[in-house]
Every structure is written in structure tokens, then in C-alpha cells.
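See structure below.
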Amino acid sequence: MRTLGSFVTRFRDRFSTLPKGTRLAVLVVLVMLVYLLPIINPPGLTTVDSDFASVLFSMAMYAIIAVGLNIVIGYAGLLDLGYVGFFAVGAFTVAVLGSAHGHIPWLLCVPAAIAVTMISGVLLGAPTLRVRGDYLAIVTLGFGEIIRLVLVNTSWLGGAAGISNLPTPPSVSLFSIPHLVWNGAVPLVDPTASSTFLKFSVTDATPYYWLALSVLLVILFLDWLMQNSRVGRSWEATREDEDAAELMGVPTFRFKLLAFAMGAAIGGLSGTLFAARQGFVNPDNFTIIYSSLFVAMVVVGGQGNRWGVVAAAALLIWLPERFRFLSDARYLLFGIALILLAVFRPQGLLPPRRRIRAIAADETEEVLEEGVTHA
Amino acid sequence: MPDADEGRRVPEQFAGGRMSRRRHPTPVLPPPSPHSSAPIDPTVDISVEDAAAPQGRMLEVDDVTLTFGGVTALDHVSFHINTGEILGLIGPNGAGKTTCFNVMTGVYQPTSGNVRFLGEPLKGRKRFEITRLGIARTFQNIRLFSNMTALENVMVGADAHHTTGIVGALLRSPKHRHEEAEGYERAQHLLAFMGLQRRSNELARNLPYGDQRRLEIARALATNPKLVCLDEPAAGFNPAEKAKLMDLIHEIRDQGYTVLLIEHDMKLVMGATDRIVVLEFGRKIAEGTPAEIQDNPAVIAAYLGVDEDAS
């Protein structure tokens, strides 16, 4: 575990010394490769017993959730155990507006879903963020269950049966891309499988994966913008010492509420993707177990590091699918892996680093010191 | 004026000790952001006449009583802080010094009485609003943001007068960029001022004890205060470190800040402050110049104790 961390560190150090053009080129190629994963079907990575593109879509979707929850838990330090509630609100907003009580296209449902989840985040946060720590965890745990029970018991929201015939994202069929199959180390064109760019259908998850991945990249960028600003600093200060932060001029309640709203919005956005891919939603999709899975992603990845939680989300979805042949034993192994992680690397796989600002500060320091010696 | 301590590398503009007090100091701290609520310029020269006038009272504690259940922590305490002075707040353990700080910074609301800052009553104001008005503090038991770097700690302080919200941050608005640059510069200057420039990238929790204490002062100064309240800033320091710190506190005052200082070390307080207020069991028992306090029988009794029959 420790070697993984130091390996990543060394890799980053090596990488940051490369010229800017090279770095950009490497990044572009990497991103392209990630986009093409369901086309390439790399042996070893691909899941044999379940559709690889579907698994990839789930990985990207859960990664978005993990990034959103990371804002709440990792940055602002608010343990939210009911995050699945926001995921549900996002998915059901699409269902209500697009199928049960209207025929609004998916693309228009998305901003509506984000708005509704944001409002629900504020509504949940306004009374509950006055309690701290464990108490907040209990209250949010209740929130997740309340959402599910309301869904089960409200016929307007489909009741226990849920809502089907959800709208799909708009398709524009431009061209078709054949998939690859591997004969040992030799890639061959698969005559039976191809993906159409960009046609969203039940049979092919690849376009959904592309959509989710694109959303993830945008969210990661927005997350970076938020973290490297007064907003991110205020969140972290609140996490570290709420009273001290308040006395240093941080309106902590407002920023906690903002963290809740932002986290909720991202969770809701992820819910809209889930709704689009699944085609139907019912309350069983949003049980409490998912909340714990989301928290596990953030904790395993390293609270506060967006790349860590993305990696953890991908890993926690991929591992059970990859090792499906182990049948139920995989959950046992999964649990053992989590315990080992908690024992040997409690800070998570990739705890956050503060490199960029550190370098900038080093340079300024030199300038300051030179100023002194020459003065 | 030679620099008091060669060990610390203080930028030229921070040099100058007590003697330079009324000289126009070089503006060292960046001007306050245009968005700040009040015009604050710590480098402004404060004339003696001004300090003597009633407006020269920066903070007034007016008949403040604070009770917790049946315990009276502060009992009709009244004193004031003049603009530009260093006021020492002393007293035996449990006298109510820190409680007094907490009332002034809005942590506790007084049961009765009032605290006025620049004529404005602080009653009912939120803690962060009081900080924005211009009162900054440090903590007796260090309370830094331990998993943030020294630089980030100070930048949080500098953010007190910033108003960039989520939209500004996401759009990288001109205001965001201006405030980031200003906060960064201010933080770097303050770290250099406190002799911490080499530590700016280290996590606060990894800093040695003394640096953590200094970082707290830097963070408090970053909020661009008019009044700086230091709660036992030299606790745990050896005599040499204490002397250095006192020089630094004088420099802070010379930059135009008003300082309220809680300190246990009597010798140090006598040498470092302009006036002293003494608390005992939540009551003010004396107030005056260090010389007056030194000879005050009530203070001597409070610190050394007296025989039953002698009192």
C-alpha cells in the first residue's frame, strides 16, 4: 500500500519535470485511451461475465458521486451518510418530469434535477448543519431513508413499482466504431459488436460511458476551481477547526451549507445519468447500502483528494465485476481488503498533497530572500 | 536600529524597533481590499492627541457580567483599550482572562453589560462579523488548521475581508483573481514578518511549537484587524524566545495595530505593556501603568497571597 503511494508520488514528480507540450500530449493520449476503453476491450481489464461498457459506465457514474461526496466529507468534513438521497432525488426528478408527469426531454431534465437536488440539499442542511460530527451523520442517515420511504409510499412518485419509460439523452447517429476482440496478444475487429457515435440505446452502454466520462471530467475541473479558491480554503478551515475558522472570519454555517448544496447537485447530476441509462427507477435502487458504498469510496480513496476518490470509486465498482466468477466469495474478499486498508493505510490510497501551491511559494520565498540580501 | 534577533531573517521593511514608533513606517502590509467593510490601514500614523480623545478608545468593556449557571466568570468588569497601546490583561489562573477574550470576540454573549468596539456595541453580532469589524485573536491552546499548510492558514485569515463566492470561484472572475493575489501576497509578507517564510509549505501540525504560536499571530494579523488579542502567546517559551516575541509584539504595535495581551510572566508584562488590567476571580482588582500595578497591594495579594489577619 505504502509503495503504491510513493510510486504515485515519484511518478508525479518525474512527470512534472517534463516539458509542458509533452505533458499535454501524454494527457491527451491518456484521456483518449480512457474514452476508448470499451472499444479496445483490453484483456485483463475487461470484465468477462458482465458487459464491459456497462461496468465502465457505472465506474464513471460512481466516480462522479464520489467527487460530489468528497466535497462534503473530504473538504468540508461533514460526514453525510444519506448521500444516496440526493442521488435518488436527481433520478426521480428526471422520472417525474420526463415520464410520469410530463414529457420534458432528458437534457432539460438535467438542470431541473440539479436545481431540485440543490434545494433539497439546502433544505436538509439548514436545520441539520447546526449539529456536528456523529450527530450530523445520524441525521443524514435518516434523510437517506426518509427519501426512500417517501418514494415507496407516494403513488404520485410511482410508489414501490417506480417509474419506467424514462427519456434518454438525444441521439445523433454519425458513424459506427467497431469493437476489438483479443486473440491472445493480437487485436482483431469484432464483427458482432460496434458502437454508433452517438446513439443512446438500451443495447449499447458505450455512448452512456462516454457521456458519464465527459461529465466526470467537467466535474473534476469545476471541483478543482472550487477547491483552489476562497471557497475551498473556507471548507477546509471549517473541517479543521470550526470555531477557529469562525473566529478568523469564515462564515462557517454558510460554507457548510454551500458544501451540502454543491455535493447534492453533483449527486443529483449523477442520478440523472443513472436514470437515463437504466430507463426506469424504483426505490430499491436507492437503499441505504449505497450510502455506505459512497462513503467507502471517499474513505478508501483518501478524503480530500479528487483523484484518489475517483480511483477508489472505479476500483470498488470494477473489482466485484471483474471477479464475478468468485461468486459470493468476492464480497468476503472485498470486505477483507477494506479492513486491511483501514489497518495499514487509514488515510486512504491517495491522500491529498499540496504540491502546486508549494512550488509557487518556494519561488516567491527565493525572491523575498534575495530582496533582503540585496537591500 | 539594529535588528533585535539575527537568527530570524526579517525583510528590511520590518526592521526597526520601539524607537521608530512614531515614524511613518514603510507600508508593509498590502492595502486593504476595496471590498472590506471599513477603511483599515494599519500603517497609518496615530497621533497622540487622537489617542487621548474619547474616540481614541478602541474597545470598551462596560460593566460586563457573565455567568454560567451559578458560576460568575466575569463580575461587573469594565475597562477600555486605547487606540495604539499595548494593554496587558493579567491575573492568576482562573481569573477570567480568556473568558474576557471570549466575550470580546463573540464566543460568549455577556449576561449583562456591553462590549463596544469603536463605539459599536458587539452584542448579538456573529463571531465572523466581529472579526471583520477588526478584532483578531490567537488561542491559549493552539488552534491552527493543522492539515493545511502555514501559507493556507494565513490565507484563510486574509480571506476574512474577501467576498468571492462559489460563482466567482467557478468563473475565475477578476475579483477572485485579485483577491487570491492579494491574500497570497499578504500571507507571504506576514509569514516573513513572523520569520516563517521557510515554513510556508509545511503543514501546520508539522511545525515546531514556537512556529505554531507565531503562525497563529500571523493568521490573526492576516484578518487585517485593528485590535489584536494575543492569549498567552509566549506560553512555553524560554526567556530568550519570550524576549524575541515581545520585540515582535512591539513591532506589530508600531505598524499601527492595537494589542491586547494576556501573559502570565509578570516581568515580561511589566516591560512590554503600556497599561495593565488585573483580574481576579472575575473581578477587576486594578488598572494602571506597569509601575502602578507593581506597587498595588491588591495585585501583590492576588499573586502572592496574604495572611488571613493581614487582609
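If you're wondering about the labels, chains in the C-alpha cells are A, B, ... by order shown, residues count from 1 in each chain, ligands from 1 in order shown.
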
Taking only C-alpha atoms into account, produce a table as JSON lines in which each residue of chain B with an atom at most 6 Å from an atom of chain A appears once, together with its shortest atom pair and the distance in Å to one decimal, ordered by chain and rising number.
{"residue": "B:Pro11", "atom": "CA", "partner": "A:Val372", "partner_atom": "CA", "distance": 5.3}
{"residue": "B:Arg127", "atom": "CA", "partner": "A:Leu247", "partner_atom": "CA", "distance": 5.6}
{"residue": "B:Phe128", "atom": "CA", "partner": "A:Gly249", "partner_atom": "CA", "distance": 4.0}
{"residue": "B:Thr131", "atom": "CA", "partner": "A:Gly249", "partner_atom": "CA", "distance": 5.3}
{"residue": "B:Phe145", "atom": "CA", "partner": "A:Glu240", "partner_atom": "CA", "distance": 5.0}
{"residue": "B:Gly157", "atom": "CA", "partner": "A:Met248", "partner_atom": "CA", "distance": 5.4}
{"residue": "B:Ala160", "atom": "CA", "partner": "A:Gly249", "partner_atom": "CA", "distance": 4.5}
{"residue": "B:Ala169", "atom": "CA", "partner": "A:Met226", "partner_atom": "CA", "distance": 5.8}
{"residue": "B:Leu170", "atom": "CA", "partner": "A:Leu225", "partner_atom": "CA", "distance": 5.5}
{"residue": "B:Asn201", "atom": "CA", "partner": "A:Ala358", "partner_atom": "CA", "distance": 5.2}

Restricting it to N, CA and C atoms, dump the selection as a PDB file, in the first residue's frame.
ATOM      1  N   PRO B  11      12.606  40.762   6.576  1.00  0.00           N
ATOM      2  CA  PRO B  11      12.796  41.692   5.465  1.00  0.00           C
ATOM      3  C   PRO B  11      13.031  43.110   5.972  1.00  0.00           C
ATOM      4  N   ARG B 127     -19.597  35.776  15.354  1.00  0.00           N
ATOM      5  CA  ARG B 127     -18.156  35.801  15.583  1.00  0.00           C
ATOM      6  C   ARG B 127     -17.395  36.277  14.351  1.00  0.00           C
ATOM      7  N   PHE B 128     -17.798  35.792  13.158  1.00  0.00           N
ATOM      8  CA  PHE B 128     -17.049  36.198  11.974  1.00  0.00           C
ATOM      9  C   PHE B 128     -17.269  37.669  11.644  1.00  0.00           C
ATOM     10  N   THR B 131     -14.868  39.603  13.742  1.00  0.00           N
ATOM     11  CA  THR B 131     -13.545  39.546  13.124  1.00  0.00           C
ATOM     12  C   THR B 131     -13.446  40.547  11.984  1.00  0.00           C
ATOM     13  N   PHE B 145      -5.267  25.366  11.723  1.00  0.00           N
ATOM     14  CA  PHE B 145      -5.878  24.392  10.810  1.00  0.00           C
ATOM     15  C   PHE B 145      -4.788  23.384  10.482  1.00  0.00           C
ATOM     16  N   GLY B 157      -7.055  33.568   7.026  1.00  0.00           N
ATOM     17  CA  GLY B 157      -7.218  34.831   7.742  1.00  0.00           C
ATOM     18  C   GLY B 157      -7.426  35.988   6.786  1.00  0.00           C
ATOM     19  N   ALA B 160     -10.820  36.896   5.340  1.00  0.00           N
ATOM     20  CA  ALA B 160     -11.878  37.470   6.174  1.00  0.00           C
ATOM     21  C   ALA B 160     -12.573  38.638   5.486  1.00  0.00           C
ATOM     22  N   ALA B 169     -15.571  31.920  -7.956  1.00  0.00           N
ATOM     23  CA  ALA B 169     -14.506  30.926  -7.981  1.00  0.00           C
ATOM     24  C   ALA B 169     -14.607  30.062  -9.234  1.00  0.00           C
ATOM     25  N   LEU B 170     -15.840  29.677  -9.609  1.00  0.00           N
ATOM     26  CA  LEU B 170     -16.010  28.803 -10.772  1.00  0.00           C
ATOM     27  C   LEU B 170     -15.692  29.533 -12.068  1.00  0.00           C
ATOM     28  N   ASN B 201       5.208  26.130   3.279  1.00  0.00           N
ATOM     29  CA  ASN B 201       4.574  24.978   2.628  1.00  0.00           C
ATOM     30  C   ASN B 201       4.398  23.796   3.553  1.00  0.00           C
TER      31      ASN B 201
END

Which residues, written as a list in words, have at least one atom at most 9 Å from Arg137 (chain B), with only C-alpha atoms counted and residues fewer than 2 positions away on the same chain left out?
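Contacts, with the query itself left out: Leu247 and Met248 of chain A; Phe101, Thr105, Thr131, Ile135, Phe139, Glu216, Ile217, Arg219, Ala220, Leu221, Leu227, Val228, Cys229, Leu230 and Asp231 of chain B.
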
I'd like to know which residues of region 2-75 of chain A are alpha helix (DSSP H) (by DSSP, run on the backbone); could you write them as JSON, numbers by chain?
{"A": [2, 3, 4, 5, 6, 7, 8, 9, 10, 11, 12, 13, 14, 15, 16, 20, 21, 22, 23, 24, 25, 26, 27, 28, 29, 30, 31, 32, 33, 34, 35, 36, 37, 38, 39, 40, 52, 53, 54, 55, 56, 57, 58, 59, 60, 61, 62, 63, 64, 65, 66, 67, 68, 69]}
